[in-house]
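Source file input.txt; content: compact mmCIF, C-alpha atoms.
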```txt
# COMPACT_ATOMS: atom_id res chain seq x y z
CA MET Y 1 -5.44 -16.00 28.92
CA LYS Y 2 -2.60 -14.96 26.59
CA LEU Y 3 -3.30 -14.07 22.96
CA THR Y 4 -0.85 -13.39 20.13
CA LEU Y 5 -1.24 -9.93 18.60
CA GLY Y 6 0.40 -8.67 15.41
CA PHE Y 7 0.67 -5.05 14.31
CA SER Y 8 3.14 -2.79 12.54
CA PRO Y 9 5.74 -0.55 14.23
CA CYS Y 10 4.14 2.48 12.56
CA PRO Y 11 2.97 5.31 14.85
CA ASN Y 12 -0.74 4.77 14.22
CA ASP Y 13 -0.56 1.15 15.43
CA THR Y 14 1.70 1.78 18.42
CA PHE Y 15 -0.56 4.70 19.40
CA ILE Y 16 -3.64 2.46 19.25
CA PHE Y 17 -2.21 -0.53 21.13
CA ASP Y 18 0.02 1.11 23.75
CA ALA Y 19 -2.61 1.22 26.50
CA LEU Y 20 -3.73 -2.34 25.77
CA ILE Y 21 -0.38 -4.09 25.81
CA HIS Y 22 1.04 -2.02 28.68
CA GLN Y 23 -2.13 -2.54 30.73
CA LYS Y 24 -2.92 1.14 31.14
CA ILE Y 25 -6.51 -0.06 30.90
CA ASP Y 26 -8.12 -3.04 32.61
CA THR Y 27 -7.50 -5.92 30.19
CA GLU Y 28 -10.08 -8.15 31.94
CA GLY Y 29 -7.68 -11.05 32.46
CA LEU Y 30 -6.16 -11.02 28.97
CA THR Y 31 -2.46 -10.57 28.20
CA PHE Y 32 -0.88 -10.16 24.79
CA GLU Y 33 2.25 -11.49 23.13
CA VAL Y 34 3.13 -8.86 20.54
CA CYS Y 35 4.59 -9.52 17.10
CA PHE Y 36 5.85 -6.47 15.15
CA ASP Y 37 5.96 -6.83 11.36
CA ASP Y 38 5.54 -4.76 8.22
CA VAL Y 39 2.06 -4.87 6.71
CA GLU Y 40 2.78 -7.40 3.98
CA THR Y 41 4.36 -9.85 6.44
CA LEU Y 42 1.26 -9.48 8.60
CA ASN Y 43 -0.89 -10.11 5.53
CA GLN Y 44 0.97 -13.35 4.81
CA LYS Y 45 0.70 -14.48 8.42
CA ALA Y 46 -3.04 -13.78 8.39
CA MET Y 47 -3.54 -15.88 5.27
CA ASN Y 48 -1.79 -18.72 7.09
CA GLY Y 49 -3.76 -18.20 10.32
CA VAL Y 50 -0.62 -17.68 12.42
CA LEU Y 51 -1.84 -15.14 15.02
CA ASP Y 52 -4.88 -14.82 17.28
CA ILE Y 53 -5.34 -11.11 16.48
CA THR Y 54 -3.66 -9.16 13.71
CA LYS Y 55 -3.58 -5.98 11.68
CA LEU Y 56 -3.92 -6.61 7.95
CA SER Y 57 -4.72 -4.83 4.72
CA PHE Y 58 -8.37 -4.99 3.70
CA HIS Y 59 -7.26 -6.42 0.36
CA ALA Y 60 -5.54 -9.29 2.17
CA PHE Y 61 -8.60 -9.83 4.36
CA ALA Y 62 -10.41 -11.22 1.32
CA TYR Y 63 -7.93 -14.12 1.41
CA ALA Y 64 -8.12 -14.61 5.18
CA ALA Y 65 -11.83 -14.14 5.91
CA ASP Y 66 -12.32 -17.88 6.29
CA LYS Y 67 -9.99 -17.77 9.31
CA TYR Y 68 -10.61 -14.30 10.74
CA ALA Y 69 -13.47 -11.90 11.50
CA LEU Y 70 -13.14 -8.11 11.52
CA LEU Y 71 -13.34 -6.17 14.78
CA ASP Y 72 -15.18 -2.85 14.85
CA ALA Y 73 -12.29 -1.24 16.74
CA GLY Y 74 -8.76 -0.49 15.56
CA SER Y 75 -9.24 0.01 11.82
CA ALA Y 76 -7.56 2.62 9.63
CA LEU Y 77 -10.09 4.34 7.36
CA GLY Y 78 -10.42 7.94 6.40
CA PHE Y 79 -10.52 10.71 3.84
CA GLY Y 80 -7.30 12.09 2.41
CA VAL Y 81 -5.27 9.16 3.72
CA GLY Y 82 -4.74 7.10 0.60
CA PRO Y 83 -1.56 5.70 -0.90
CA LEU Y 84 0.31 7.85 -3.41
CA LEU Y 85 1.81 6.90 -6.76
CA ILE Y 86 5.03 8.91 -7.13
CA SER Y 87 7.98 9.18 -9.49
CA LYS Y 88 11.35 10.83 -10.00
CA LYS Y 89 11.24 10.48 -13.78
CA TYR Y 90 7.60 11.23 -14.64
CA THR Y 91 4.95 13.87 -14.03
CA PRO Y 92 1.21 13.11 -14.19
CA GLU Y 93 1.14 14.49 -17.75
CA SER Y 94 4.21 12.65 -19.02
CA LEU Y 95 2.98 9.37 -17.54
CA ILE Y 96 -0.27 9.72 -19.49
CA VAL Y 97 1.79 10.23 -22.66
CA GLU Y 98 3.86 7.11 -21.93
CA LEU Y 99 0.78 4.98 -21.29
CA GLU Y 100 -0.94 6.31 -24.43
CA LYS Y 101 2.15 5.27 -26.39
CA GLY Y 102 1.62 1.76 -25.05
CA ASN Y 103 4.59 1.77 -22.69
CA VAL Y 104 3.13 -0.50 -20.03
CA ASP Y 105 6.45 -2.03 -18.94
CA LEU Y 106 7.23 0.74 -16.49
CA ARG Y 107 8.70 -0.71 -13.30
CA VAL Y 108 6.46 -0.05 -10.28
CA GLY Y 109 7.62 -0.58 -6.70
CA ILE Y 110 4.72 -1.73 -4.52
CA PRO Y 111 4.59 -2.34 -0.74
CA GLY Y 112 3.11 -5.82 -1.24
CA LYS Y 113 0.84 -7.78 -3.54
CA TYR Y 114 -1.99 -7.97 -1.02
CA THR Y 115 -1.90 -4.37 0.19
CA THR Y 116 -4.96 -2.21 -0.32
CA ALA Y 117 -2.60 0.24 -2.05
CA ASN Y 118 -1.90 -2.32 -4.78
CA PHE Y 119 -5.59 -3.04 -5.14
CA LEU Y 120 -6.37 0.65 -5.65
CA MET Y 121 -3.59 1.02 -8.20
CA GLY Y 122 -5.06 -1.95 -10.05
CA ILE Y 123 -8.35 -0.07 -10.35
CA ALA Y 124 -6.77 3.23 -11.43
CA TYR Y 125 -3.95 1.88 -13.63
CA PRO Y 126 -4.78 -1.70 -14.64
CA GLN Y 127 -2.17 -1.51 -17.43
CA LEU Y 128 0.72 -1.21 -14.96
CA GLN Y 129 1.60 -4.85 -14.40
CA ASN Y 130 5.41 -4.79 -14.09
CA LYS Y 131 5.41 -4.70 -10.29
CA GLN Y 132 8.26 -5.25 -7.88
CA GLU Y 133 7.38 -6.01 -4.27
CA MET Y 134 9.53 -4.32 -1.64
CA VAL Y 135 9.37 -3.11 1.95
CA PHE Y 136 7.42 0.16 1.93
CA SER Y 137 10.28 2.13 3.50
CA GLU Y 138 12.64 1.22 0.62
CA ILE Y 139 10.49 2.52 -2.25
CA GLU Y 140 11.69 6.12 -2.19
CA SER Y 141 15.35 5.02 -2.33
CA ALA Y 142 14.59 2.65 -5.20
CA LEU Y 143 13.10 5.57 -7.15
CA LEU Y 144 16.07 7.80 -6.43
CA ASN Y 145 18.63 5.25 -7.59
CA GLY Y 146 16.69 4.32 -10.73
CA GLN Y 147 15.69 0.79 -9.76
CA ILE Y 148 12.04 1.57 -10.49
CA ASP Y 149 10.13 4.14 -12.55
CA LEU Y 150 7.11 4.57 -10.27
CA GLY Y 151 6.59 3.97 -6.57
CA LEU Y 152 3.47 3.23 -4.55
CA ILE Y 153 3.97 4.72 -1.10
CA ILE Y 154 2.06 4.33 2.15
CA HIS Y 155 2.46 5.33 5.80
CA GLU Y 156 4.86 8.12 6.76
CA ASN Y 157 6.48 8.27 3.31
CA ARG Y 158 3.61 10.44 2.13
CA PHE Y 159 5.14 13.18 4.33
CA THR Y 160 8.72 12.82 3.11
CA TYR Y 161 8.73 12.16 -0.64
CA GLN Y 162 8.65 15.84 -1.70
CA ASP Y 163 11.73 16.65 0.36
CA LYS Y 164 13.60 14.07 -1.74
CA GLY Y 165 12.67 15.65 -5.06
CA LEU Y 166 9.97 13.10 -5.94
CA THR Y 167 6.72 13.98 -7.71
CA LYS Y 168 3.15 12.87 -6.97
CA ILE Y 169 1.43 11.24 -9.93
CA VAL Y 170 -1.88 10.55 -8.21
CA ASP Y 171 -3.36 10.32 -4.72
CA LEU Y 172 -5.20 6.99 -4.91
CA GLY Y 173 -7.23 7.84 -1.83
CA ASP Y 174 -8.60 10.90 -3.59
CA TYR Y 175 -9.29 8.72 -6.64
CA TRP Y 176 -11.24 6.26 -4.46
CA GLU Y 177 -13.23 8.99 -2.72
CA LYS Y 178 -14.34 10.50 -6.04
CA LEU Y 179 -15.23 7.05 -7.36
CA THR Y 180 -17.28 5.89 -4.36
CA GLY Y 181 -17.96 8.81 -1.99
CA CYS Y 182 -16.71 6.58 0.84
CA ALA Y 183 -13.80 6.76 3.23
CA ILE Y 184 -10.88 4.65 2.05
CA PRO Y 185 -10.46 1.39 3.99
CA LEU Y 186 -6.73 0.74 4.44
CA GLY Y 187 -6.25 -1.73 7.26
CA GLY Y 188 -8.28 -3.49 9.90
CA ILE Y 189 -7.86 -5.59 13.03
CA VAL Y 190 -9.11 -9.14 12.74
CA ILE Y 191 -9.47 -11.95 15.26
CA ASN Y 192 -9.29 -15.70 14.76
CA ARG Y 193 -12.74 -17.22 14.31
CA SER Y 194 -11.66 -20.25 16.37
CA LEU Y 195 -11.70 -18.15 19.55
CA ASP Y 196 -14.88 -18.13 21.61
CA ILE Y 197 -17.25 -15.33 20.60
CA THR Y 198 -17.11 -13.89 24.14
CA VAL Y 199 -13.32 -13.56 23.76
CA GLN Y 200 -13.75 -11.94 20.34
CA GLN Y 201 -16.17 -9.40 21.79
CA LYS Y 202 -13.93 -8.75 24.80
CA VAL Y 203 -10.93 -8.05 22.55
CA ASN Y 204 -13.02 -5.64 20.50
CA ARG Y 205 -14.10 -3.85 23.67
CA LEU Y 206 -10.51 -3.64 24.95
CA ILE Y 207 -9.10 -2.27 21.70
CA ARG Y 208 -11.82 0.37 21.68
CA LYS Y 209 -10.85 1.32 25.26
CA SER Y 210 -7.19 1.41 24.26
CA VAL Y 211 -7.93 3.85 21.41
CA GLU Y 212 -10.09 6.00 23.67
CA TYR Y 213 -7.32 6.07 26.29
CA ALA Y 214 -4.81 7.11 23.61
CA PHE Y 215 -7.02 10.00 22.49
CA ALA Y 216 -7.56 11.10 26.10
CA ASN Y 217 -3.83 10.80 26.93
CA PRO Y 218 -2.00 11.49 23.64
CA LYS Y 219 1.44 11.91 25.24
CA SER Y 220 1.20 8.73 27.30
CA SER Y 221 2.42 6.53 24.45
CA ILE Y 222 5.18 8.80 23.12
CA ASP Y 223 8.11 6.66 24.33
CA PHE Y 224 6.60 3.49 22.89
CA ILE Y 225 5.82 5.20 19.58
CA ARG Y 226 9.27 6.74 19.30
CA LYS Y 227 11.00 3.44 20.12
CA HIS Y 228 9.48 1.82 17.02
CA ALA Y 229 9.27 4.82 14.67
CA GLN Y 230 12.70 4.44 13.02
CA ALA Y 231 14.08 7.82 14.15
CA MET Y 232 11.06 9.61 12.70
CA ASP Y 233 10.66 13.28 13.55
CA GLU Y 234 8.08 13.74 16.33
CA ALA Y 235 6.01 16.17 14.27
CA VAL Y 236 5.82 13.57 11.47
CA MET Y 237 4.85 10.90 13.99
CA TYR Y 238 1.88 12.92 15.15
CA LYS Y 239 0.87 13.86 11.59
CA HIS Y 240 0.87 10.15 10.85
CA ILE Y 241 -1.34 9.41 13.85
CA GLU Y 242 -3.77 12.24 13.04
CA LEU Y 243 -4.11 10.92 9.51
CA TYR Y 244 -4.80 7.27 10.29
CA VAL Y 245 -6.41 7.20 13.76
CA ASN Y 246 -9.90 8.69 13.95
CA GLN Y 247 -13.50 7.87 14.81
CA TYR Y 248 -13.37 4.76 12.60
CA SER Y 249 -10.56 3.45 14.82
CA ILE Y 250 -12.89 3.61 17.82
CA ASP Y 251 -15.82 2.03 15.99
CA LEU Y 252 -16.45 1.42 12.29
CA GLY Y 253 -20.09 2.38 12.55
CA VAL Y 254 -22.49 2.30 9.61
CA ASP Y 255 -20.29 4.45 7.35
CA GLY Y 256 -17.14 2.46 8.03
CA ARG Y 257 -18.83 -0.84 7.27
CA LYS Y 258 -20.35 0.66 4.11
CA ALA Y 259 -16.87 1.67 2.90
CA ILE Y 260 -15.49 -1.82 3.52
CA ASP Y 261 -18.48 -3.49 1.86
CA THR Y 262 -18.06 -1.16 -1.15
CA LEU Y 263 -14.38 -2.12 -1.42
CA PHE Y 264 -15.17 -5.83 -1.35
CA ASN Y 265 -18.07 -5.54 -3.79
CA LEU Y 266 -16.00 -3.54 -6.29
CA ALA Y 267 -13.10 -5.97 -5.99
CA LEU Y 268 -15.44 -8.90 -6.63
CA GLU Y 269 -16.95 -7.18 -9.69
CA LYS Y 270 -13.46 -6.75 -11.15
CA ASN Y 271 -12.44 -10.32 -10.24
CA LEU Y 272 -9.59 -9.00 -8.10
CA ILE Y 273 -10.47 -11.16 -5.07
CA PRO Y 274 -12.18 -14.50 -4.50
CA ALA Y 275 -15.78 -14.61 -3.29
CA VAL Y 276 -16.00 -14.37 0.51
CA GLN Y 277 -18.25 -17.04 1.98
CA LYS Y 278 -18.46 -15.79 5.57
CA ASP Y 279 -19.78 -12.67 7.26
CA LEU Y 280 -16.84 -10.24 7.46
CA TYR Y 281 -17.59 -8.91 10.95
CA VAL Y 282 -17.48 -10.24 14.51
```
Using structure tokens, write down the structure that the file contains.
Amino acid sequence: MKLTLGFSPCPNDTFIFDALIHQKIDTEGLTFEVCFDDVETLNQKAMNGVLDITKLSFHAFAYAADKYALLDAGSALGFGVGPLLISKKYTPESLIVELEKGNVDLRVGIPGKYTTANFLMGIAYPQLQNKQEMVFSEIESALLNGQIDLGLIIHENRFTYQDKGLTKIVDLGDYWEKLTGCAIPLGGIVINRSLDITVQQKVNRLIRKSVEYAFANPKSSIDFIRKHAQAMDEAVMYKHIELYVNQYSIDLGVDGRKAIDTLFNLALEKNLIPAVQKDLYV
């Protein structure tokens, strides 16, 4: 049985899925047709039900939960892993001054409307509404050439922005942790509800095995990771993996599910997402 599988070319995803798609583990008769896309493209595909299995932002999951259920394996949650709001022009103090003066037209580059990063910024800075969607890897350049005033960065850019003379305004992951006491839910792996439940459970089991294999053999996937990492320095690649792949990627557990439920409940309270009618989990 062949299933379509979508994930990003970022090191955390290629690290997680290498053993699965290259059959370094027993895939129990399943094969996978892989689709690489940036997170917002994956979000859009999920909302349209395009793939059998896909990575998506938890924010976007609210709009795709009628079609997909969340697997316990493969998610990106953690502490100290949140998106950052950065700037070339402003410091944290000068931004407060601008907002107090009523200057809410500041141009903000975001990595996608349905990213969890954008949701968190909406909680922390609801007045910032002049948003420009762009590919996450282009946000730093847009700040440097004056296209935007503020940038919301995710993934490996959190390791590179300082080298380019950019300033952190706020770590939105830290903001979330202080607000809720929970790990921050960034992205999850969901599977189409139309697939038989035994297939759903098998895929969950295989992704868990793939993550466990990756942890046990961390150098096994290096060629695959490097191939898709856009000439990223190897040390940065492994920092990226350490940040986003952890025990929650093996199994959400009670704490992981609590963090996701807290995110959805808070978003519903603030009318940021529609009510979800189905159980989130496989």
| Among listed residues Y:Asn43, Y:Ser141, Y:Ser94, Y:Asn157, nearest Thr116 in chain Y (using all atoms listed in the file) |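 Counting all atoms listed in the file, the residue closest to Thr116 in chain Y is Y:Asn43.
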Would you mind listing, for every residue of range 168-196 of chain Y within 8 Å of range 251-262 of chain Y, the two atoms forming the shortest contact and the distance between them in Å to one decimal, using only C-alpha atoms, sorted by chain and ascending residue number, as CSV?
```
residue,atom,partner,partner_atom,distance
Y:Thr180,CA,Y:Thr262,CA,7.8
Y:Cys182,CA,Y:Ala259,CA,5.3
Y:Ala183,CA,Y:Ala259,CA,6.0
Y:Ile184,CA,Y:Ala259,CA,6.7
Y:Pro185,CA,Y:Ile260,CA,6.0
```
Per residue of range 90-149 of chain Y within 8 Å of range 27-42 of chain Y, note the shortest atom pair and the distance in Å to one decimal, counting all atoms listed in the file, and order the rows by chain and increasing residue number, as a Markdown table.
```
| residue | atom | partner | partner_atom | distance |
| --- | --- | --- | --- | --- |
| Y:Pro111 | CA | Y:Glu40 | CA | 7.2 |
| Y:Gly112 | CA | Y:Glu40 | CA | 5.5 |
| Y:Lys113 | CA | Y:Glu40 | CA | 7.8 |
| Y:Tyr114 | CA | Y:Glu40 | CA | 6.9 |
| Y:Thr115 | CA | Y:Glu40 | CA | 6.7 |
| Y:Val135 | CA | Y:Asp38 | CA | 7.5 |
```
How would the residues just picked look written out with C-alpha atoms as a tab-separated table (two decimals), in the frame of the given file?
```tsv
chain	number	residue	atom	x	y	z
Y	111	PRO	CA	4.59	-2.34	-0.74
Y	112	GLY	CA	3.11	-5.82	-1.24
Y	113	LYS	CA	0.84	-7.78	-3.54
Y	114	TYR	CA	-1.99	-7.97	-1.02
Y	115	THR	CA	-1.90	-4.37	0.19
Y	135	VAL	CA	9.37	-3.11	1.95
```
Interface rows for range 141-244 of chain Y against range 61-65 of chain Y: nearest pair, Å to one decimal, 10 Å, all atoms listed in the file, as JSON lines:
```
{"residue": "Y:Gly187", "atom": "CA", "partner": "Y:Phe61", "partner_atom": "CA", "distance": 8.9}
{"residue": "Y:Gly188", "atom": "CA", "partner": "Y:Phe61", "partner_atom": "CA", "distance": 8.4}
{"residue": "Y:Ile189", "atom": "CA", "partner": "Y:Phe61", "partner_atom": "CA", "distance": 9.7}
{"residue": "Y:Val190", "atom": "CA", "partner": "Y:Phe61", "partner_atom": "CA", "distance": 8.4}
{"residue": "Y:Ile191", "atom": "CA", "partner": "Y:Ala65", "partner_atom": "CA", "distance": 9.9}
{"residue": "Y:Asn192", "atom": "CA", "partner": "Y:Ala65", "partner_atom": "CA", "distance": 9.3}
{"residue": "Y:Arg193", "atom": "CA", "partner": "Y:Ala65", "partner_atom": "CA", "distance": 9.0}
```
Per residue of range 235-256 of chain Y within 9 Å of range 73-87 of chain Y, what are the shortest atom pair and its distance in Å to one decimal, counting only C-alpha atoms, with rows by chain and residue number, as CSV?
```
residue,atom,partner,partner_atom,distance
Y:Leu243,CA,Y:Val81,CA,6.2
Y:Tyr244,CA,Y:Ala76,CA,5.4
Y:Val245,CA,Y:Ala76,CA,6.3
Y:Asn246,CA,Y:Gly78,CA,7.6
Y:Gln247,CA,Y:Leu77,CA,8.9
Y:Tyr248,CA,Y:Leu77,CA,6.2
Y:Ser249,CA,Y:Gly74,CA,4.4
Y:Ile250,CA,Y:Ala73,CA,5.0
Y:Asp251,CA,Y:Ala73,CA,4.9
Y:Leu252,CA,Y:Ala73,CA,6.6
Y:Gly256,CA,Y:Leu77,CA,7.3
```
Dump of C-alpha atoms for the selected residues, as a PDB file, in the frame of the given file:
```
ATOM      1  CA  LEU Y 243      -4.110  10.920   9.510  1.00  0.00           C
ATOM      2  CA  TYR Y 244      -4.800   7.270  10.290  1.00  0.00           C
ATOM      3  CA  VAL Y 245      -6.410   7.200  13.760  1.00  0.00           C
ATOM      4  CA  ASN Y 246      -9.900   8.690  13.950  1.00  0.00           C
ATOM      5  CA  GLN Y 247     -13.500   7.870  14.810  1.00  0.00           C
ATOM      6  CA  TYR Y 248     -13.370   4.760  12.600  1.00  0.00           C
ATOM      7  CA  SER Y 249     -10.560   3.450  14.820  1.00  0.00           C
ATOM      8  CA  ILE Y 250     -12.890   3.610  17.820  1.00  0.00           C
ATOM      9  CA  ASP Y 251     -15.820   2.030  15.990  1.00  0.00           C
ATOM     10  CA  LEU Y 252     -16.450   1.420  12.290  1.00  0.00           C
ATOM     11  CA  GLY Y 256     -17.140   2.460   8.030  1.00  0.00           C
TER      12      GLY Y 256
END
```
| query | Mind pulling up the distance from CA of Lys2 in chain Y to CA of Asn48 in chain Y? | reply |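 Separating CA of Asn48 in chain Y from CA of Lys2 in chain Y is a distance of 19.9 Å.
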| message | Given only C-alpha atoms as the basis, pick out the residue of Y:Leu71, Y:Leu56, Y:Met134, Y:Ala19 nearest to Lys202 in chain Y. | response | Y:Leu71
| task | Go ahead and compute the interatomic distance for CA of Leu51 in chain Y and CA of Leu263 in chain Y, in Å to one decimal. | result |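 Those two atoms sit 24.4 Å apart.
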| field | Exercise: residues within 12 Å of coordinate (2.3, 2.1, -23.1), counting only C-alpha atoms, as number ranges by chain | value | Y: 94-106, 125-130
| Surrounding residues of Asn217 in chain Y excluding itself and chain neighbours under 4 positions, 12 Å, all atoms listed in the file, as number ranges by chain | Y: 15-16, 18-19, 24-25, 209-213, 221-222
| Contact residues around Glu138 in chain Y with all atoms listed in the file at 10 Å, ignoring same-chain residues under 5 positions, as a ChimeraX atom specification | /Y:109-111,143,151,153,157
| field | One-decimal distance in Å that lies between CA of Pro9 in chain Y and CA of Trp176 in chain Y | value |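 Atom-to-atom, CA of Trp176 in chain Y and CA of Pro9 in chain Y are spaced 26.2 Å apart.
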Centre and size of axis-aligned box enclosing range 160-174 of chain Y plus 3 Å each side, as lines of an AutoDock Vina configuration file:
```
center_x = 2.5
center_y = 11.8
center_z = -3.4
size_x = 28.2
size_y = 15.7
size_z = 19.0
```
